[in-house]
$ cat run27.txt   # compact mmCIF, C-alpha atoms
# COMPACT_ATOMS: atom_id res chain seq x y z
CA MET M 128 8.36 -13.36 -10.12
CA ARG M 129 10.47 -15.21 -7.57
CA ILE M 130 8.55 -15.85 -4.34
CA LEU M 131 9.82 -17.43 -1.12
CA SER M 132 7.28 -18.80 1.35
CA THR M 133 8.58 -19.56 4.83
CA ILE M 134 6.41 -21.44 7.31
CA ALA M 135 6.87 -21.94 11.04
CA SER M 136 5.45 -25.27 12.21
CA TYR M 137 5.88 -26.67 15.69
CA ASN M 138 4.25 -29.99 14.79
CA GLY M 139 5.76 -30.38 11.33
CA LYS M 140 4.60 -33.53 9.56
CA SER M 141 2.06 -34.30 12.29
CA ASN M 142 0.25 -30.99 11.80
CA PRO M 143 -3.15 -31.78 10.23
CA TYR M 144 -3.22 -28.57 8.16
CA LEU M 145 0.37 -28.15 7.01
CA GLN M 146 0.27 -30.35 3.91
CA LYS M 147 -2.65 -28.46 2.40
CA VAL M 148 -0.98 -25.13 3.18
CA ILE M 149 2.35 -26.00 1.58
CA ASP M 150 0.88 -27.88 -1.39
CA GLU M 151 -1.02 -24.73 -2.38
CA LEU M 152 1.84 -22.29 -1.83
CA SER M 153 4.18 -24.58 -3.77
CA LYS M 154 2.18 -23.89 -6.91
CA VAL M 155 3.56 -20.35 -7.11
CA SER M 156 6.52 -20.18 -4.71
CA GLU M 157 9.44 -21.97 -3.16
CA VAL M 158 8.46 -23.26 0.27
CA ILE M 159 10.81 -23.71 3.21
CA ILE M 160 9.65 -25.09 6.57
CA PHE M 161 11.10 -24.07 9.93
CA SER M 162 10.06 -26.77 12.36
CA THR M 163 10.89 -29.13 15.20
CA GLU M 164 10.17 -32.06 12.86
CA GLU M 165 11.40 -32.99 9.38
CA VAL M 166 8.79 -32.53 6.65
CA GLU M 167 9.41 -34.98 3.82
CA GLY M 168 9.49 -33.54 0.32
CA TYR M 169 10.25 -29.99 1.42
CA LYS M 170 13.35 -28.15 2.53
CA THR M 171 13.14 -28.11 6.30
CA PHE M 172 15.28 -26.43 8.93
CA VAL M 173 14.86 -28.57 12.04
CA PHE M 174 15.27 -27.21 15.55
CA ASP M 175 15.18 -28.82 18.98
CA LYS M 176 11.82 -28.49 20.73
CA SER M 177 13.52 -26.26 23.29
CA VAL M 178 13.39 -23.51 20.64
CA GLY M 179 9.92 -22.70 21.97
CA GLU M 180 8.18 -19.60 20.69
CA THR M 181 11.41 -18.23 19.23
CA LEU M 182 10.79 -20.56 16.25
CA VAL M 183 8.68 -17.82 14.64
CA PHE M 184 11.84 -15.72 14.15
CA LYS M 185 14.09 -18.49 12.79
CA ASN M 186 13.18 -17.76 9.16
CA ARG M 187 14.39 -14.18 9.27
CA LYS M 188 18.14 -14.68 8.99
CA TYR M 189 17.55 -16.97 6.01
CA ILE M 190 15.37 -14.30 4.41
CA VAL M 191 18.01 -11.61 4.96
CA ASP M 192 20.81 -13.84 3.68
CA ASN M 193 18.82 -14.61 0.52
CA ILE M 194 17.33 -11.19 -0.11
CA GLU M 195 18.75 -10.94 -3.64
CA ASN M 196 17.35 -14.32 -4.68
CA TYR M 197 13.64 -13.47 -4.46
CA ASP M 198 11.24 -10.67 -5.35
CA TYR M 199 8.74 -11.40 -2.57
CA PHE M 200 8.95 -12.94 0.89
CA LEU M 201 6.02 -14.56 2.69
CA TYR M 202 5.90 -15.70 6.28
CA ASN M 203 2.88 -17.81 7.17
CA GLU M 204 1.67 -19.87 10.10
CA ASP M 205 1.13 -23.56 9.38
CA ASP M 206 -2.66 -23.58 9.65
CA ILE M 207 -3.51 -20.59 7.44
CA PHE M 208 -4.59 -21.50 3.92
CA ILE M 209 -3.54 -18.99 1.26
CA SER M 210 -4.69 -19.89 -2.22
CA ASN M 211 -2.24 -19.32 -5.05
CA GLU M 212 -4.81 -16.93 -6.57
CA SER M 213 -4.90 -14.92 -3.33
CA LEU M 214 -1.12 -14.71 -3.22
CA LYS M 215 -0.87 -13.54 -6.83
CA THR M 216 -3.67 -11.01 -6.31
CA LEU M 217 -1.96 -9.58 -3.24
CA ILE M 218 1.37 -9.23 -5.02
CA ASP M 219 -0.24 -7.45 -7.98
CA LEU M 220 -1.99 -5.03 -5.61
CA ASN M 221 1.11 -4.49 -3.52
CA GLU M 222 3.13 -3.66 -6.64
CA LYS M 223 0.54 -1.04 -7.54
CA ILE M 224 -0.02 0.48 -4.11
CA SER M 225 3.60 0.42 -2.91
CA SER M 226 4.64 2.25 -6.08
CA ILE M 227 2.82 5.30 -4.65
CA ASN M 228 4.67 4.99 -1.35
CA LEU M 229 7.02 2.14 -0.47
CA ILE M 230 5.59 1.74 3.03
CA ASN M 231 2.13 0.93 1.64
CA ASN M 232 1.90 -2.81 2.24
CA VAL M 233 -1.08 -4.93 1.25
CA GLY M 234 -2.01 -7.59 3.79
CA PHE M 235 -4.32 -10.55 4.13
CA LEU M 236 -7.48 -10.62 6.23
CA ARG M 237 -7.79 -13.81 8.26
CA TYR M 238 -11.13 -15.48 8.94
CA GLU M 239 -12.47 -18.58 10.63
CA LEU M 240 -15.59 -20.58 9.88
CA ASP M 241 -18.44 -20.75 12.33
CA GLY M 242 -20.41 -23.41 10.51
CA ASP M 243 -20.30 -22.02 6.98
CA VAL M 244 -20.17 -18.36 8.03
CA LYS M 245 -16.92 -16.41 7.79
CA GLU M 246 -15.94 -14.65 11.00
CA PHE M 247 -13.10 -12.12 10.74
CA ASN M 248 -11.65 -12.90 14.15
CA ASP M 249 -8.64 -10.60 13.77
CA LEU M 250 -11.07 -7.66 13.53
CA HIS M 251 -12.53 -8.40 16.97
CA PRO M 252 -12.43 -4.93 18.59
CA ALA M 253 -10.68 -6.27 21.71
CA HIS M 254 -7.52 -6.56 19.61
CA SER M 255 -7.53 -2.83 18.88
CA VAL M 256 -6.13 -1.99 22.32
CA HIS M 257 -2.68 -3.13 21.19
CA ALA M 258 -2.58 -0.23 18.71
CA GLY M 259 -4.35 2.38 20.84
CA GLY M 260 -7.97 1.50 20.07
CA ASN M 261 -10.81 1.50 22.56
CA GLY M 262 -11.21 -2.28 22.73
CA GLN M 263 -14.98 -2.02 22.44
CA THR M 264 -15.99 -0.84 18.98
CA ASP M 265 -12.78 -0.18 17.04
CA ILE M 266 -12.49 -2.46 14.01
CA ILE M 267 -11.24 -0.37 11.10
CA LYS M 268 -8.85 2.41 12.10
CA GLU M 269 -8.89 4.28 8.82
CA ILE M 270 -10.09 4.14 5.24
CA GLN M 271 -7.63 5.46 2.68
CA VAL M 272 -7.83 5.90 -1.07
CA ILE M 273 -4.55 4.86 -2.67
CA ASP M 274 -4.24 4.94 -6.46
CA ASN M 275 -8.04 4.81 -6.75
CA GLU M 276 -8.30 1.81 -4.45
CA VAL M 277 -10.42 2.09 -1.29
CA CYS M 278 -8.15 0.56 1.34
CA LEU M 279 -9.08 -0.55 4.85
CA LYS M 280 -6.54 -0.16 7.64
CA PRO M 281 -7.54 -2.46 10.53
CA TRP M 282 -6.67 -1.53 14.09
CA ASN M 283 -5.14 -4.96 14.58
CA HIS M 284 -1.84 -5.52 12.75
CA HIS M 285 -1.98 -9.29 13.22
CA SER M 286 -3.12 -11.74 10.55
CA GLY M 287 -0.74 -14.65 11.16
CA ASN M 288 1.52 -13.72 8.27
CA PHE M 289 3.42 -10.98 6.46
CA ILE M 290 4.44 -10.51 2.85
CA LEU M 291 7.08 -8.06 1.70
CA SER M 292 8.55 -7.10 -1.61
CA GLN M 293 12.33 -7.09 -1.86
CA LYS M 294 12.27 -3.28 -1.82
CA GLN M 295 10.10 -3.18 1.30
CA LEU M 296 12.31 -5.71 3.04
CA LYS M 297 15.41 -3.66 2.22
CA TYR M 298 13.68 -0.56 3.60
CA LEU M 299 13.01 -2.33 6.91
CA ILE M 300 16.54 -3.73 7.12
CA ASP M 301 18.17 -0.40 6.28
CA ASN M 302 16.16 1.26 9.06
CA ASP M 303 16.84 -1.51 11.59
CA LEU M 304 13.16 -2.51 11.61
CA PHE M 305 13.49 -6.19 10.67
CA SER M 306 14.76 -8.03 13.71
CA THR M 307 16.39 -11.40 13.08
CA GLU M 308 16.52 -12.09 16.81
CA PRO M 309 13.42 -12.92 18.87
CA ASN M 310 11.95 -9.62 19.97
CA THR M 311 8.52 -8.86 21.39
CA LYS M 312 7.34 -5.70 19.67
CA TYR M 313 3.64 -6.44 19.14
CA VAL M 314 1.46 -8.20 21.75
CA GLY M 315 3.61 -11.31 22.36
CA LEU M 316 6.45 -13.20 20.73
CA LEU M 317 4.21 -15.30 18.46
CA GLU M 318 2.30 -12.26 17.25
CA SER M 319 5.51 -10.26 16.80
CA GLY M 320 7.01 -12.94 14.54
CA ALA M 321 4.07 -12.56 12.17
CA SER M 322 3.16 -8.94 12.59
CA ASP M 323 5.85 -6.65 14.00
CA VAL M 324 6.84 -5.50 10.51
CA SER M 325 3.32 -4.13 10.05
CA CYS M 326 3.92 -1.73 12.93
CA HIS M 327 6.39 0.08 10.64
CA LEU M 328 4.39 -0.07 7.41
CA ASN M 329 1.01 1.17 6.25
CA LYS M 330 -0.68 -2.24 6.14
CA VAL M 331 -3.95 -2.07 4.22
CA VAL M 332 -6.55 -4.34 2.66
CA PRO M 333 -8.09 -3.07 -0.61
CA TYR M 334 -11.84 -3.28 -0.02
CA ASN M 335 -12.82 -4.41 -3.51
CA TYR M 336 -10.54 -7.44 -3.13
CA ILE M 337 -11.52 -8.59 0.35
CA GLU M 338 -12.80 -11.94 -0.91
CA LYS M 339 -9.54 -12.78 -2.64
CA LEU M 340 -7.40 -11.43 0.19
CA SER M 341 -9.22 -13.41 2.87
CA THR M 342 -7.30 -16.39 4.26
CA HIS M 343 -8.75 -19.27 6.25
CA HIS M 344 -7.40 -20.00 9.74
CA MET M 345 -8.26 -23.67 9.36
CA SER M 346 -8.14 -24.57 13.04
CA ASN M 347 -11.13 -22.25 13.64
CA LYS M 348 -9.89 -22.00 17.22
CA TYR M 349 -11.34 -18.58 18.08
CA VAL M 350 -14.93 -18.89 16.87
CA TYR M 351 -16.06 -19.08 20.50
CA ASN M 352 -15.77 -15.27 20.70
CA ASN M 353 -19.21 -13.82 21.42
CA ARG M 354 -18.42 -10.66 19.42
CA LYS M 355 -18.64 -11.65 15.76
CA VAL M 356 -17.31 -9.55 12.88
CA HIS M 357 -18.86 -10.52 9.55
CA ILE M 358 -18.49 -9.08 6.04
CA GLU M 359 -21.82 -7.25 6.42
CA GLU M 360 -20.37 -5.11 9.21
CA ILE M 361 -17.33 -4.26 7.11
CA ASP M 362 -19.60 -3.35 4.20
CA GLU M 363 -21.61 -1.06 6.49
CA ILE M 364 -18.45 0.73 7.69
CA VAL M 365 -17.45 1.43 4.09
CA LYS M 366 -21.00 2.49 3.21
CA GLN M 367 -21.06 5.02 6.05
CA TRP M 368 -17.60 6.31 5.05
CA LYS M 369 -18.76 6.83 1.46
CA SER M 370 -21.82 8.75 2.61

$ encode --input "run27.txt" --output "structure tokens"
Amino acid sequence: MRILSTIASYNGKSNPYLQKVIDELSKVSEVIIFSTEEVEGYKTFVFDKSVGETLVFKNRKYIVDNIENYDYFLYNEDDIFISNESLKTLIDLNEKISSINLINNVGFLRYELDGDVKEFNDLHPAHSVHAGGNGQTDIIKEIQVIDNEVCLKPWNHHSGNFILSQKQLKYLIDNDLFSTEPNTKYVGLLESGASDVSCHLNKVVPYNYIEKLSTHHMSNKYVYNNRKVHIEEIDEIVKQWKS
């Protein structure tokens, strides 16, 4: 399995989280950094700081130009830790679920730590408004059963990353749904760079694998939110759905 991991990093070598992120991904993939600073030991495409928020789209032309060289393509922000076990688990599940329908795309679920408690900040219901939710209570839009897997479809498309198989990437390109130029399609430019592809796919998180598919946003920058979403609430949603 040939995997390419691309990472956008504004701070490059001075980012306090980047080294841990790339060291882990390097265990199972080739890693390329798109940054305003050189990162020693890794292939880095360096841009002037004037690139601004458009940096999050700079990996896409490289991905398109090298589509035949890899089986899977990951885009990740520089402060989101994805274990090699999580990445391999996601790919195995995506192979299974996308074989039923190519647009079925398994995604990660990002969390932050409030002390030692995991808070799934991307499931904060306020984010649901960007996909038509009520902004007050909407967390999980739908629960689907795909190839015997109970799959959660969050209202919020954003998780700071995307991962696509070669076949899924070709589907997006063939349908003009993978922009290589900066384009705000979901919330803002930063969010679009990580998540606009999910607007065109059926992004789901298999419930039985939530622990392995959870990724840590190491900066923990949003734990101040007064509306917390913990695993117990997700479990209760699934419990009510099953009943």

$ atom_distance --input "run27.txt" --atom1 "CA of Asn347 (chain M)" --atom2 "CA of Thr311 (chain M)"
25.0 Å

$ residues_around --input "run27.txt" --residues "Ser286 (chain M)" --least-positions-apart "4" --cutoff "7 Å" --atoms "only C-alpha atoms" --output "list in words"
Phe235, Leu236, Arg237 and Asp249 of chain M

$ residues_around --input "run27.txt" --residues "Leu340 (chain M)" --least-positions-apart "2" --cutoff "7 Å" --atoms "only C-alpha atoms" --output "MDAnalysis selection string"
chainID M and resid 213 217 235:236 336:338 342

$ closest_residue --input "run27.txt" --among "M:Gln367, M:Ser136, M:Gln263, M:Ser325" --to "Arg354 (chain M)" --atoms "all atoms listed in the file"
M:Gln263

$ atom_distance --input "run27.txt" --atom1 "CA of Val155 (chain M)" --atom2 "CA of Tyr334 (chain M)"
24.1 Å

$ residues_around --input "run27.txt" --residues "His257 (chain M)" --least-positions-apart "6" --cutoff "9 Å" --atoms "only C-alpha atoms" --output "compact mmCIF listing (two decimals) with C-alpha atoms, keeping the file's coordinate frame"
# COMPACT_ATOMS: atom_id res chain seq x y z
CA TRP M 282 -6.67 -1.53 14.09
CA ASN M 283 -5.14 -4.96 14.58
CA HIS M 284 -1.84 -5.52 12.75
CA TYR M 313 3.64 -6.44 19.14
CA VAL M 314 1.46 -8.20 21.75

$ closest_residue --input "run27.txt" --among "M:Gly139, M:Gly260, M:Pro333, M:Gly287" --to "Ile209 (chain M)" --atoms "all atoms listed in the file"
M:Gly287

$ closest_residue --input "run27.txt" --among "M:Asn203, M:Ser346, M:Thr307, M:Asn221" --to "Tyr144 (chain M)" --atoms "all atoms listed in the file"
M:Ser346

$ atom_distance --input "run27.txt" --atom1 "CA of Gly179 (chain M)" --atom2 "CA of Thr163 (chain M)"
9.4 Å

$ axis_aligned_box --input "run27.txt" --around "region 260-268 of chain M" --padding-each-side "6 Å" --output "JSON"
{"center_x": -12.0, "center_y": 0.0, "center_z": 16.9, "size_x": 20.0, "size_y": 16.9, "size_z": 23.6}

$ closest_residue --input "run27.txt" --among "M:Asn329, M:Ile270, M:Ala135, M:Phe305" --to "Lys369 (chain M)" --atoms "all atoms listed in the file"
M:Ile270

$ closest_residue --input "run27.txt" --among "M:Phe161, M:Phe208, M:Phe172, M:Tyr197" --to "Ile149 (chain M)" --atoms "only C-alpha atoms"
M:Phe208

$ residues_around --input "run27.txt" --residues "Arg129 (chain M)" --least-positions-apart "5" --cutoff "7 Å" --atoms "all atoms listed in the file" --output "ChimeraX atom specification"
/M:156,197-199

$ closest_residue --input "run27.txt" --among "M:Glu151, M:Glu157, M:Glu276, M:Glu308" --to "Ile207 (chain M)" --atoms "all atoms listed in the file"
M:Glu151

$ residues_around --input "run27.txt" --residues "Gln295 (chain M)" --least-positions-apart "3" --cutoff "10 Å" --atoms "only C-alpha atoms" --output "list in words"
Tyr199, Phe200, Ser225, Leu229, Ile230, Asn231, Asn232, Ile290, Leu291, Ser292, Tyr298, Leu299, Ile300, Asp301 and Leu328 of chain M

$ closest_atom_pairs --input "run27.txt" --of "region 249-335 of chain M" --to "region 356-363 of chain M" --cutoff "10 Å" --atoms "all atoms listed in the file" --output "CSV"
residue,atom,partner,partner_atom,distance
M:Asp249,CA,M:Val356,CA,8.8
M:Leu250,CA,M:Val356,CA,6.6
M:His251,CA,M:Val356,CA,6.4
M:Pro252,CA,M:Val356,CA,8.8
M:Ile266,CA,M:Ile361,CA,8.6
M:Ile267,CA,M:Ile361,CA,8.3
M:Leu279,CA,M:Ile361,CA,9.3
M:Tyr334,CA,M:Asp362,CA,8.8
